[in-house]
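**Student:** Sharing a structure, written as structure tokens. Questions coming.
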Amino acid sequence: MSKINYLVAQAAPLNQLQEIAPKIFWLRLAMPFALDHINLWLIEDDEFWTIVDTGPDVEQARASWLEVINNQLKGKPIKQVLCTHFHPDHLGLAGWLCKEHEAELLISKGEYDIYHHLFSELNHTDRSTIEAFYQSIGASEKQLASYEKHITMFSKIIHPLPEQYTALKDKQTLTLGGYEWLLVTGKGHSPEHICLYNQELDLFISGDQLLPTISSNVSVWPTDPLANPMQDMLDSYHYLLATINDNTKVLPAHGLPFTGGLIRTNKLIVDTEQDIENLLNHCHQPRKLAETFSVLFKSEITKHNLMLAYGEALACINYLRVKGKLSVNEVDGVNYYQSI
């Protein structure tokens with residue numbers, strides 16, 4: 001096998017449960033974003049359902065869920081809502097579903113904690129910290145406002161999570177749908193992303209940790225400006241290589257289910273390492289962060305993806321700094337980066 005192979009010829013119809021394996025169902029929801037859909041996974045037990053990820057808290061997604069709940073769940077209740085990570089398209093409706101159905105929330109502590117740090121009313125990063133961060137990377141006041149708008153928008157599409165939850169951990173096992181699932185934690189895209197692997201079916205619910213055609217964003221944020229999430233992501237890719245195989249059926253959050261997970265993971269490693277090498281060569285002359293975009297990103301950087309571009313470029317910069325290959329020099333409050 002030299003490339004990935006898709007399990008289906010086309011995507012499941014929107015809002016229509018499609019059985020992808022015995023007792024494992026695919027639910028594809030539309031989203032009003034550039035990434036216009038999310039794949040959710042429902043696992044059927046004799047008496048109840050477990051949902052893996054939920055979609056964002058927007059009217060369209062709520063309406064889709066109500067149609068599915070009222071007409072496709074065979075009269076069985078939702079007992080558990082498992083969220084792979086804290087991003088709004090994955091846990092936006094978790095609080096609503098848990099409240100409406102008295103369901104239990106399952107999520108890792110790292111994801112639950114960062115949700116509260118960024119999005120809940122309980123805690124927010126001090127504005128002076130955010131200002132200092134974006135000034136140091138050369139962002140304008142207008143671009144700082146874009147970050148705040150970004151966080152505010154995300155907050156509005158996440159229903160408040162329950163105060164109680166069950167913390168999921170790496171290498172823990174869960175029994176869902178009569179199958180034993182191994183929890184596999186990924187890092188880099190988010191702090192403690194939960195994936196699920198079932199050996200009997202050779203099935204891997206990958207969330208955003210492994211996608212068939214796009215790479216997940218890996219960013220440094222104002223809350224932890226010296227973080228090294230790119231190293232975390234590369235380590236997680238190697239963890240995946242030791243967990244799945246090329247025959248494993250990968251169920252991603254976006255795109256079509258596929259096999260060839262090792263091929264895809266190795267390509268992501270090679271592409272990431274090549275981007276970092278290109279960045280290092282580009283920084284023979286001192287560069288501001290925005291001056292690295294041309295060698296790191298193929299797509300156009302616009303106001304809609306600018307904050308993600310800043311975050312991922314800094315993740316690559318921090319990776320090289322930790323390796324001792326890049327220095328930083330501050331000029332008038334702005335960081336310039338240069339190869340050593």
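By order of appearance in the structure tokens: chains A, B, ..., then residues from 1 within every chain, and ligands from 1 in the order shown.
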For A:Pro191, find every residue with an atom within 8 Å (counting only C-alpha atoms), except residues of its own chain fewer than 5 positions away, and show them as JSON, numbers by chain.
**Tutor:** {"A": [110, 111, 114, 186]}
**Student:** Mind checking which residues fall within 7 Å of stretch 222-238 of chain A, counting only C-alpha atoms, ignoring those fewer than 6 positions away in the same chain, and posting them as a ChimeraX atom specification?
**Tutor:** /A:125,129-130,133,186-189,265,269,315-316,318-319
**Student:** Write out the residues from the selection above, keeping N, CA and C atoms, as a compact mmCIF listing (two decimals), in the first residue's frame.
**Tutor:**
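Contents of the output file selection_14.txt:
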# COMPACT_ATOMS: atom_id res chain seq x y z
N THR A 125 -7.71 34.82 30.39
CA THR A 125 -6.35 35.34 30.42
C THR A 125 -6.38 36.87 30.52
N THR A 129 -1.43 40.34 29.42
CA THR A 129 -0.65 39.18 28.99
C THR A 129 -0.81 38.95 27.50
N ILE A 130 -2.04 39.09 27.03
CA ILE A 130 -2.33 38.91 25.61
C ILE A 130 -1.65 40.00 24.78
N PHE A 133 2.10 39.40 24.51
CA PHE A 133 2.37 38.27 23.62
C PHE A 133 2.32 38.71 22.16
N GLY A 186 -3.32 12.06 22.36
CA GLY A 186 -2.47 12.82 21.46
C GLY A 186 -2.28 14.23 21.98
N LYS A 187 -1.15 14.84 21.68
CA LYS A 187 -0.87 16.22 22.10
C LYS A 187 -0.38 17.01 20.90
N GLY A 188 -0.39 18.33 21.06
CA GLY A 188 0.07 19.20 19.99
C GLY A 188 -1.05 20.03 19.44
N HIS A 189 -2.08 19.38 18.91
CA HIS A 189 -3.26 20.10 18.42
C HIS A 189 -4.06 20.64 19.60
N THR A 265 0.36 9.02 8.59
CA THR A 265 1.11 9.55 9.72
C THR A 265 2.55 9.85 9.33
N ILE A 269 4.64 13.44 9.35
CA ILE A 269 5.95 13.63 9.99
C ILE A 269 6.94 14.24 9.00
N ALA A 315 4.88 27.93 16.91
CA ALA A 315 5.14 26.55 17.33
C ALA A 315 6.38 26.00 16.64
N CYS A 316 6.55 26.32 15.36
CA CYS A 316 7.76 25.89 14.64
C CYS A 316 9.00 26.62 15.16
N ASN A 318 9.44 27.88 18.22
CA ASN A 318 9.78 27.37 19.56
C ASN A 318 10.45 26.00 19.48
N TYR A 319 10.01 25.18 18.54
CA TYR A 319 10.62 23.87 18.34
C TYR A 319 12.11 24.02 18.03
**Student:** What lies within 7 Å of A:Asp89 using only C-alpha atoms, ignoring chain neighbours under 6 positions off, as a list of chain:residue names?
**Tutor:** A:Thr54, A:Gly55, A:Pro56
**Student:** Excluding same-chain residues fewer than 5 positions from stretch 192-208 of chain A, what lies within 6 Å of it counting only C-alpha atoms, as a list of chain:residue names?
**Tutor:** A:Thr84, A:His85, A:Gly110, A:Glu111, A:Trp181, A:Leu182, A:Leu183, A:Val184, A:Thr185, A:Gly186, A:Lys187, A:Thr248, A:Lys249, A:Val250, A:Leu251, A:Pro252, A:Ala253
**Student:** Could you jot down the atom CA of A:Leu296 to atom CA of A:Ile340 separation for me, Å, one decimal place?
**Tutor:**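 According to the coordinates, atom CA of A:Leu296 and atom CA of A:Ile340 are separated by 19.3 Å.
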**Student:** Identify, on the basis of only C-alpha atoms, every residue whose closest approach to A:Cys83 does not exceed 7 Å; exclude the query and any residue fewer than 2 positions from it along the same chain; express the result as a PyMOL selection string.
**Tutor:** chain A and resi 52-53+81+85+90-91+106-107
**Student:** Could you check which of A:Leu97, A:Leu118, A:Ala167, A:Ala132 is closest to A:Ala61, using only C-alpha atoms?
**Tutor:**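 Checking each of A:Leu97, A:Leu118, A:Ala167, A:Ala132 against A:Ala61, counting only C-alpha atoms, the winner is A:Leu97.
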**Student:** Write out as a ChimeraX atom specification the residues lying within 12 Å of A:Glu291, counting only C-alpha atoms and excluding same-chain residues fewer than 3 positions away.
**Tutor:** /A:137-139,279,282-283,285-288,294-297,301,309-310,313-314,317,335-338
**Student:** Using backbone DSSP assignments, extract all alpha helix (DSSP H) residues from stretch 22-215 of chain A; output them as a PyMOL selection string.
**Tutor:** chain A and resi 59-71+88-91+94-101+109-118+127-136+141-156
**Student:** Suppose you want the space between atom CA of A:Gln172 and atom CA of A:Tyr239; what is it in Å?
**Tutor:**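 One can read the atom CA of A:Gln172 to atom CA of A:Tyr239 distance as 15.2 Å.
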